[in-house]
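Novice: Just so it is clear, I am handing over run01.txt, which has compact mmCIF, C-alpha atoms (C1' of nucleotides).
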# COMPACT_ATOMS: atom_id res chain seq x y z
CA MET A 24 29.29 24.00 -12.98
CA VAL A 25 30.00 21.28 -10.45
CA GLU A 26 31.33 17.85 -11.35
CA ILE A 27 30.75 14.95 -9.01
CA ASP A 28 32.55 11.66 -9.30
CA LEU A 29 30.38 8.80 -8.09
CA GLY A 30 32.87 6.12 -9.09
CA PHE A 31 30.92 4.82 -12.08
CA ALA A 32 28.41 6.11 -14.61
CA PRO A 33 25.53 7.58 -12.57
CA ASN A 34 21.93 6.72 -13.31
CA LEU A 35 19.74 9.75 -12.62
CA GLU A 36 16.48 7.87 -12.90
CA HIS A 37 17.56 5.45 -10.19
CA ILE A 38 18.46 8.32 -7.89
CA PHE A 39 15.50 10.61 -8.50
CA GLU A 40 12.64 8.17 -9.18
CA CYS A 41 13.04 5.80 -6.27
CA GLY A 42 10.53 7.68 -4.12
CA GLN A 43 12.84 9.60 -1.82
CA CYS A 44 12.54 13.08 -3.34
CA PHE A 45 9.84 15.19 -4.95
CA ARG A 46 11.52 18.22 -6.49
CA TRP A 47 13.52 16.67 -9.34
CA ASN A 48 11.88 16.49 -12.75
CA MET A 49 13.12 14.77 -15.87
CA GLN A 50 13.59 17.02 -18.89
CA PRO A 51 13.03 16.08 -22.54
CA ASP A 52 16.78 15.48 -22.99
CA GLY A 53 16.96 13.06 -20.04
CA SER A 54 18.61 15.50 -17.66
CA TYR A 55 16.91 16.45 -14.39
CA ILE A 56 16.20 19.91 -13.01
CA GLY A 57 15.78 20.19 -9.27
CA VAL A 58 15.90 22.61 -6.39
CA ALA A 59 17.91 22.09 -3.20
CA GLY A 60 20.12 24.16 -0.97
CA GLY A 61 18.50 27.32 -2.27
CA GLU A 62 19.63 26.63 -5.83
CA ALA A 63 17.97 25.35 -8.98
CA VAL A 64 20.31 23.15 -10.99
CA ARG A 65 20.37 20.82 -13.96
CA ALA A 66 21.83 17.39 -13.33
CA SER A 67 23.19 15.43 -16.26
CA VAL A 68 25.46 12.48 -16.82
CA CYS A 69 28.76 13.16 -18.52
CA GLY A 70 30.76 9.98 -18.91
CA SER A 71 31.43 8.61 -15.47
CA LYS A 72 30.53 11.86 -13.79
CA LEU A 73 27.45 13.69 -12.60
CA THR A 74 27.49 17.33 -13.67
CA LEU A 75 25.42 20.11 -12.16
CA ASP A 76 24.78 23.29 -14.11
CA GLY A 77 23.70 26.40 -12.23
CA THR A 78 25.98 26.12 -9.22
CA ASP A 79 29.58 26.38 -8.05
CA ASN A 80 28.90 24.90 -4.65
CA THR A 81 30.81 21.64 -4.84
CA GLU A 82 30.73 21.14 -1.10
CA PHE A 83 26.95 21.28 -0.80
CA TRP A 84 26.24 18.99 -3.74
CA SER A 85 28.91 16.45 -2.86
CA ASN A 86 27.25 16.13 0.50
CA TYR A 87 23.77 16.07 -1.06
CA PHE A 88 24.69 13.12 -3.28
CA ASP A 89 26.55 11.49 -0.40
CA THR A 90 29.84 10.85 -2.17
CA ALA A 91 31.33 9.56 1.09
CA PHE A 92 29.21 6.43 1.45
CA ASP A 93 30.59 3.17 0.03
CA TYR A 94 27.69 2.02 -2.13
CA GLU A 95 29.74 -0.65 -3.91
CA GLY A 96 30.69 -2.24 -0.61
CA ALA A 97 27.09 -2.26 0.61
CA LYS A 98 25.84 -3.68 -2.68
CA THR A 99 28.39 -6.48 -2.57
CA LYS A 100 27.20 -7.51 0.89
CA PHE A 101 23.52 -7.23 -0.05
CA SER A 102 24.09 -9.34 -3.15
CA LYS A 103 24.57 -12.46 -1.05
CA ASP A 104 20.80 -12.47 -0.94
CA LYS A 105 19.55 -13.62 -4.35
CA ILE A 106 16.39 -11.53 -4.29
CA LEU A 107 18.20 -8.36 -3.33
CA LYS A 108 20.90 -9.10 -5.91
CA LYS A 109 18.25 -9.05 -8.63
CA CYS A 110 16.90 -5.73 -7.33
CA ILE A 111 20.37 -4.18 -7.25
CA GLU A 112 21.03 -5.22 -10.83
CA TYR A 113 17.87 -3.35 -11.77
CA GLY A 114 18.41 -0.20 -9.66
CA TYR A 115 22.21 -0.22 -9.37
CA GLY A 116 22.50 3.57 -9.38
CA ILE A 117 20.29 4.25 -6.37
CA ARG A 118 21.73 6.61 -3.77
CA ILE A 119 20.11 7.99 -0.64
CA LEU A 120 20.19 11.76 -0.98
CA ARG A 121 21.09 13.83 2.08
CA GLN A 122 18.07 16.10 2.00
CA ASP A 123 17.20 19.00 4.26
CA LEU A 124 15.52 17.79 7.45
CA PHE A 125 12.71 20.35 7.62
CA GLU A 126 11.90 19.90 3.94
CA THR A 127 11.81 16.14 4.42
CA ILE A 128 9.45 16.37 7.39
CA ILE A 129 6.97 18.59 5.56
CA SER A 130 7.26 16.62 2.32
CA PHE A 131 6.53 13.27 3.96
CA ILE A 132 3.66 14.69 6.02
CA ILE A 133 2.20 15.57 2.63
CA SER A 134 2.96 12.09 1.31
CA ALA A 135 0.63 10.35 3.76
CA ASN A 136 -2.30 8.62 2.07
CA ASN A 137 -1.29 10.27 -1.19
CA ASN A 138 0.31 9.53 -4.55
CA ILE A 139 3.56 10.83 -5.98
CA PRO A 140 2.28 13.06 -8.80
CA ARG A 141 -0.06 14.82 -6.38
CA ILE A 142 2.57 15.04 -3.65
CA LYS A 143 4.86 16.79 -6.13
CA LYS A 144 2.14 19.24 -7.14
CA ILE A 145 1.31 20.12 -3.54
CA ILE A 146 4.98 20.69 -2.68
CA GLU A 147 5.46 22.91 -5.74
CA ASN A 148 2.38 24.89 -4.72
CA LEU A 149 3.76 25.28 -1.22
CA CYS A 150 7.10 26.50 -2.53
CA ARG A 151 5.38 28.90 -4.91
CA ILE A 152 3.30 30.59 -2.22
CA CYS A 153 5.97 30.87 0.45
CA GLY A 154 9.39 29.95 -0.96
CA GLU A 155 11.86 32.34 -2.52
CA ARG A 156 11.75 32.89 -6.24
CA ILE A 157 14.93 32.00 -8.10
CA GLU A 158 15.76 31.92 -11.77
CA PHE A 159 17.51 29.26 -13.76
CA ASP A 160 17.89 28.83 -17.49
CA GLY A 161 15.21 31.41 -18.22
CA ASN A 162 12.59 29.82 -15.95
CA GLU A 163 11.43 30.57 -12.43
CA TYR A 164 11.77 28.16 -9.55
CA TYR A 165 11.07 28.43 -5.84
CA THR A 166 13.12 27.35 -2.86
CA PHE A 167 11.56 25.21 -0.17
CA PRO A 168 10.08 27.59 2.42
CA THR A 169 11.37 28.10 5.94
CA ALA A 170 9.18 27.24 8.94
CA GLU A 171 8.75 30.95 9.50
CA ALA A 172 7.50 31.53 5.96
CA ILE A 173 4.94 28.74 6.34
CA VAL A 174 3.71 30.12 9.67
CA ASN A 175 3.47 33.60 8.18
CA ALA A 176 1.43 32.24 5.28
CA GLY A 177 -1.25 30.98 7.68
CA LEU A 178 -3.86 28.28 7.27
CA GLU A 179 -6.10 30.16 4.88
CA LYS A 180 -3.30 30.67 2.37
CA LEU A 181 -2.02 27.14 2.92
CA SER A 182 -5.43 25.79 1.99
CA THR A 183 -4.73 26.93 -1.59
CA ILE A 184 -1.96 24.36 -2.11
CA HIS A 185 -4.60 21.57 -2.22
CA ALA A 186 -3.03 19.51 0.52
CA GLY A 187 -6.50 18.81 1.90
CA TYR A 188 -6.64 17.93 5.57
CA ARG A 189 -2.83 17.85 5.68
CA ASP A 190 -2.58 21.65 5.55
CA LYS A 191 -3.11 21.95 9.30
CA TYR A 192 -0.40 19.33 9.91
CA ILE A 193 2.01 21.33 7.75
CA LEU A 194 1.21 24.51 9.65
CA GLY A 195 1.42 22.77 13.03
CA ALA A 196 4.81 21.23 12.23
CA ALA A 197 6.16 24.58 11.04
CA GLN A 198 4.87 26.28 14.20
CA ALA A 199 6.45 23.61 16.39
CA VAL A 200 9.81 24.04 14.67
CA LEU A 201 9.58 27.81 14.84
CA ASN A 202 8.62 28.05 18.51
CA GLY A 203 11.11 25.42 19.61
CA ASP A 204 8.69 22.64 20.64
CA VAL A 205 10.48 20.61 17.99
CA ASN A 206 14.22 21.28 17.96
CA LEU A 207 15.70 19.91 14.76
CA ASN A 208 19.28 20.55 15.85
CA GLU A 209 18.70 18.40 18.91
CA ILE A 210 16.92 15.67 16.97
CA VAL A 211 19.76 15.19 14.49
CA ALA A 212 22.11 14.61 17.42
CA LEU A 213 19.96 11.83 18.91
CA PRO A 214 20.33 8.09 18.35
CA THR A 215 17.85 6.75 15.81
CA ASP A 216 15.23 5.39 18.23
CA ALA A 217 15.19 8.55 20.36
CA ALA A 218 15.03 10.70 17.24
CA ARG A 219 12.07 8.65 16.01
CA ARG A 220 10.21 9.19 19.28
CA GLU A 221 10.70 12.95 18.94
CA LEU A 222 9.52 12.97 15.33
CA LEU A 223 6.39 10.99 16.30
CA LYS A 224 5.36 13.86 18.59
CA ILE A 225 4.65 15.96 15.49
CA ILE A 226 0.98 15.71 14.55
CA GLY A 227 0.85 14.21 11.07
CA VAL A 228 4.01 12.17 11.56
CA GLY A 229 3.31 8.48 12.14
CA PRO A 230 5.68 5.49 12.02
CA LYS A 231 6.06 5.42 8.24
CA VAL A 232 6.63 9.15 7.84
CA ALA A 233 9.06 9.17 10.78
CA ASP A 234 11.15 6.41 9.22
CA CYS A 235 11.23 8.20 5.87
CA VAL A 236 12.39 11.35 7.63
CA LEU A 237 15.10 9.41 9.46
CA LEU A 238 16.31 7.79 6.25
CA PHE A 239 15.99 10.61 3.74
CA GLY A 240 16.43 13.65 5.96
CA MET A 241 18.91 12.29 8.49
CA SER A 242 20.75 9.56 6.55
CA ARG A 243 19.86 6.94 9.15
CA PHE A 244 20.34 3.78 7.11
CA ASP A 245 19.31 1.67 10.10
CA VAL A 246 15.59 2.22 9.53
CA PHE A 247 13.34 0.27 7.17
CA PRO A 248 10.32 2.40 6.19
CA SER A 249 7.34 0.11 5.80
CA ASP A 250 4.44 1.25 3.64
CA VAL A 251 1.79 -0.70 1.77
CA TRP A 252 4.23 -1.45 -1.06
CA ILE A 253 6.93 -2.77 1.24
CA LYS A 254 4.32 -4.93 2.98
CA ARG A 255 3.27 -6.41 -0.36
CA ILE A 256 6.87 -6.88 -1.43
CA LEU A 257 8.05 -8.62 1.73
CA ASP A 258 5.04 -10.88 1.66
CA GLU A 259 5.60 -11.80 -1.98
CA ALA A 260 9.40 -12.00 -2.01
CA TYR A 261 10.17 -13.36 1.47
CA ASN A 262 6.78 -14.55 2.73
CA VAL A 263 7.07 -12.24 5.74
CA PRO A 264 3.82 -10.94 7.32
CA PRO A 265 3.54 -7.20 8.09
CA LYS A 266 4.02 -7.52 11.83
CA GLU A 267 7.38 -9.23 11.42
CA ILE A 268 8.88 -6.85 8.84
CA CYS A 269 10.81 -4.68 11.28
CA GLU A 270 12.60 -7.58 12.97
CA PHE A 271 13.10 -9.45 9.70
CA ALA A 272 14.68 -6.43 8.01
CA GLU A 273 17.13 -5.87 10.84
CA ASN A 274 18.24 -9.50 10.89
CA LYS A 275 18.28 -9.98 7.12
CA PHE A 276 19.71 -6.69 5.86
CA GLY A 277 21.67 -5.35 8.82
CA LYS A 278 22.58 -1.80 9.67
CA TYR A 279 22.13 -0.50 6.13
CA ARG A 280 18.61 -1.94 5.79
CA GLY A 281 17.20 1.44 4.72
CA LEU A 282 19.26 1.22 1.56
CA ALA A 283 18.11 -2.35 0.97
CA GLN A 284 14.54 -1.08 1.26
CA GLN A 285 15.17 1.31 -1.63
CA TYR A 286 16.49 -1.40 -3.96
CA LEU A 287 13.51 -3.64 -3.12
CA PHE A 288 11.02 -0.84 -3.50
CA TYR A 289 12.38 0.43 -6.80
CA TYR A 290 12.48 -3.01 -8.42
CA TYR A 291 9.13 -4.29 -7.22
CA ARG A 292 7.19 -1.10 -7.78
CA ASP A 293 8.18 -1.10 -11.46
CA ASN A 294 7.70 -4.85 -11.69
CA MET A 295 4.23 -4.84 -10.14
CA LYS A 296 3.20 -1.91 -12.34
CA LYS A 297 3.94 -3.96 -15.44
CA LEU A 298 1.75 -6.80 -14.19
CA ALA A 299 -1.23 -4.44 -13.97
C1' DC B 13 -21.25 7.54 -9.06
C1' DG B 14 -17.80 4.64 -5.91
C1' DC B 15 -13.27 3.61 -4.95
C1' DC B 16 -8.64 4.28 -3.67
C1' DA B 17 -3.83 6.25 -3.43
C1' DG B 18 3.57 5.04 -0.97
C1' DG B 19 -0.97 6.88 6.61
C1' DC B 20 -2.54 9.20 10.35
C1' DG B 21 -5.37 10.77 14.25
C1' DG B 22 -8.95 9.90 17.17
C1' DG B 23 -12.28 7.12 19.31
C1' DG B 24 -14.04 2.83 21.10
C1' DG B 25 -13.58 -2.07 22.35
C1' DC C 18 -3.04 -2.09 23.09
C1' DC C 19 -5.41 -2.92 18.92
C1' DC C 20 -8.57 -2.14 15.49
C1' DC C 21 -11.48 0.60 12.71
C1' DC C 22 -13.16 4.52 10.58
C1' DG C 23 -13.10 9.01 8.22
C1' DC C 24 -10.39 11.90 5.62
C1' DC C 25 -8.96 16.44 1.27
C1' DT C 26 -8.23 15.80 -3.36
C1' DG C 27 -7.64 14.07 -8.04
C1' DG C 28 -7.90 10.31 -11.19
C1' DC C 29 -10.20 6.41 -12.99
Spit out the file's structure as structure tokens when you get a sec.

Specialist:
Amino acid sequence: MVEIDLGFAPNLEHIFECGQCFRWNMQPDGSYIGVAGGEAVRASVCGSKLTLDGTDNTEFWSNYFDTAFDYEGAKTKFSKDKILKKCIEYGYGIRILRQDLFETIISFIISANNNIPRIKKIIENLCRICGERIEFDGNEYYTFPTAEAIVNAGLEKLSTIHAGYRDKYILGAAQAVLNGDVNLNEIVALPTDAARRELLKIIGVGPKVADCVLLFGMSRFDVFPSDVWIKRILDEAYNVPPKEICEFAENKFGKYRGLAQQYLFYYYRDNMKKLA
DNA sequence: CGCCAGGCGGGGG
DNA sequence: CCCCCGCCTGGC
């Protein structure tokens, strides 16, 4: 078991349901089971700590939950804005997970023009057909596949994961990573704008997917992913039209604007749901 | 049945 | 450069 001290009582729902990840599922007892780093683990809250059953790898999971970043400091600065303050009070436990880059690219290619329940199903199907089987707590789970495993599966087999027209994008991205056309080790070393340009070369990766990859797979907090929800939210909350979102976010929220985006998104998505 | 859901690629103006 | 259309699939 691994214990992680996040400085205050963690809120798993805030972390896992804010739209950044697809492989964590709430259990009947309120804990979450997820797969990352080749391990399946159960995350639960124990007092002020996050505990992970099924692993001894403190180093990996401390990095995954980004224990180094000063969330309290960022939240204090953000709270000068009344609207953001309200969002932070609602989703105070949000953290940006440091997810695997390749997994994030493939996952957000799948996310395009899609909804979360279906995205999760497709990713689980993908892992089942070409990930590695692992066991945890009497059940079977599958690791996220390597680029090589996806290429070896081929398009015909990939068509069975029900990704629709995205299956060829998944295959193409995996091929590009495998043959070196896309070099992930080089991309992570690039400044954000240059890294974005490289990501946009991948067929199936547009501006929104690229920004999600930068934020969730590369911890670049200086991006502000803008999807239909964020467009609605910025119009409603700040009266900012879509074309001005990028500039507005940079000026208003500063270098950690990607984190601000998560607080806004989490609050307003729940809030707008209730209205419907 | 039609519509659309946390975009994107491709084609035409 | 911008805009517009079609798109796999599943749910309503």

Novice: Tell me as a PyMOL selection string which residues belonging to chain A come within 7 Å of chain B, counting all atoms listed in the file.

Specialist: chain A and resi 135-138+227+229+250-252

Novice: Please report, as a Markdown table, each residue of chain A lying at most 12 Å from chain C, together with the nearest pair of atoms and the separation in Å rounded to one decimal; use only C-alpha atoms (C1' of nucleotides), and order rows by chain and ascending residue number.

Specialist:
| residue | atom | partner | partner_atom | distance |
| --- | --- | --- | --- | --- |
| A:Ile133 | CA | C:DC25 | C1' | 11.3 |
| A:Ala135 | CA | C:DC24 | C1' | 11.3 |
| A:Asn136 | CA | C:DC24 | C1' | 9.4 |
| A:Asn137 | CA | C:DT26 | C1' | 9.1 |
| A:Asn138 | CA | C:DG27 | C1' | 9.8 |
| A:Ile139 | CA | C:DG27 | C1' | 11.8 |
| A:Pro140 | CA | C:DG27 | C1' | 10.0 |
| A:Arg141 | CA | C:DG27 | C1' | 7.8 |
| A:Ile142 | CA | C:DT26 | C1' | 10.8 |
| A:Lys144 | CA | C:DG27 | C1' | 11.1 |
| A:Ile145 | CA | C:DT26 | C1' | 10.5 |
| A:Ser182 | CA | C:DC25 | C1' | 10.0 |
| A:Thr183 | CA | C:DC25 | C1' | 11.7 |
| A:Ile184 | CA | C:DT26 | C1' | 10.7 |
| A:His185 | CA | C:DT26 | C1' | 6.9 |
| A:Ala186 | CA | C:DC25 | C1' | 6.7 |
| A:Gly187 | CA | C:DC25 | C1' | 3.5 |
| A:Tyr188 | CA | C:DC25 | C1' | 5.1 |
| A:Arg189 | CA | C:DC25 | C1' | 7.7 |
| A:Asp190 | CA | C:DC25 | C1' | 9.3 |
| A:Lys191 | CA | C:DC25 | C1' | 11.4 |

Novice: Sorted by chain and rising residue number, which residues of region 130-187 of chain A lie within 7 Å of region 192-204 of chain A, and what are their closest atom pairs and distances in Å to one decimal, counting all atoms listed in the file, as CSV?

Specialist:
residue,atom,partner,partner_atom,distance
A:Ala170,CA,A:Ala197,CA,4.5
A:Glu171,CA,A:Leu201,CA,6.3
A:Ile173,CA,A:Ala197,CA,6.4
A:Val174,CA,A:Gln198,CA,6.1
A:Leu178,CA,A:Leu194,CA,6.8

Novice: Just want the 7 Å neighbourhood of Pro33 (chain A), counted on all atoms listed in the file, with same-chain residues fewer than 5 positions away dropped. Output as an NGL selection string.

Specialist: :A and (68 or 71-73 or 116)

Novice: One decimal, in Å: what's the spacing between CA of Asp76 (chain A) and CA of Leu238 (chain A)?

Specialist: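 Separation of CA of Asp76 (chain A) and CA of Leu238 (chain A): 27.0 Å.
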
Novice: Just how far from CA of Gly30 (chain A) is CA of Gln284 (chain A), in Å to one decimal?

Specialist: 22.2 Å

Novice: Measuring between all atoms listed in the file, which one of A:Pro230, A:Gly77, A:Gly277, A:Gly70 shows the shortest distance to Gly57 (chain A)?

Specialist: A:Gly77

Novice: Between CA of Leu287 (chain A) and CA of Gly96 (chain A), what is the spacing in Å?

Specialist: 17.4 Å
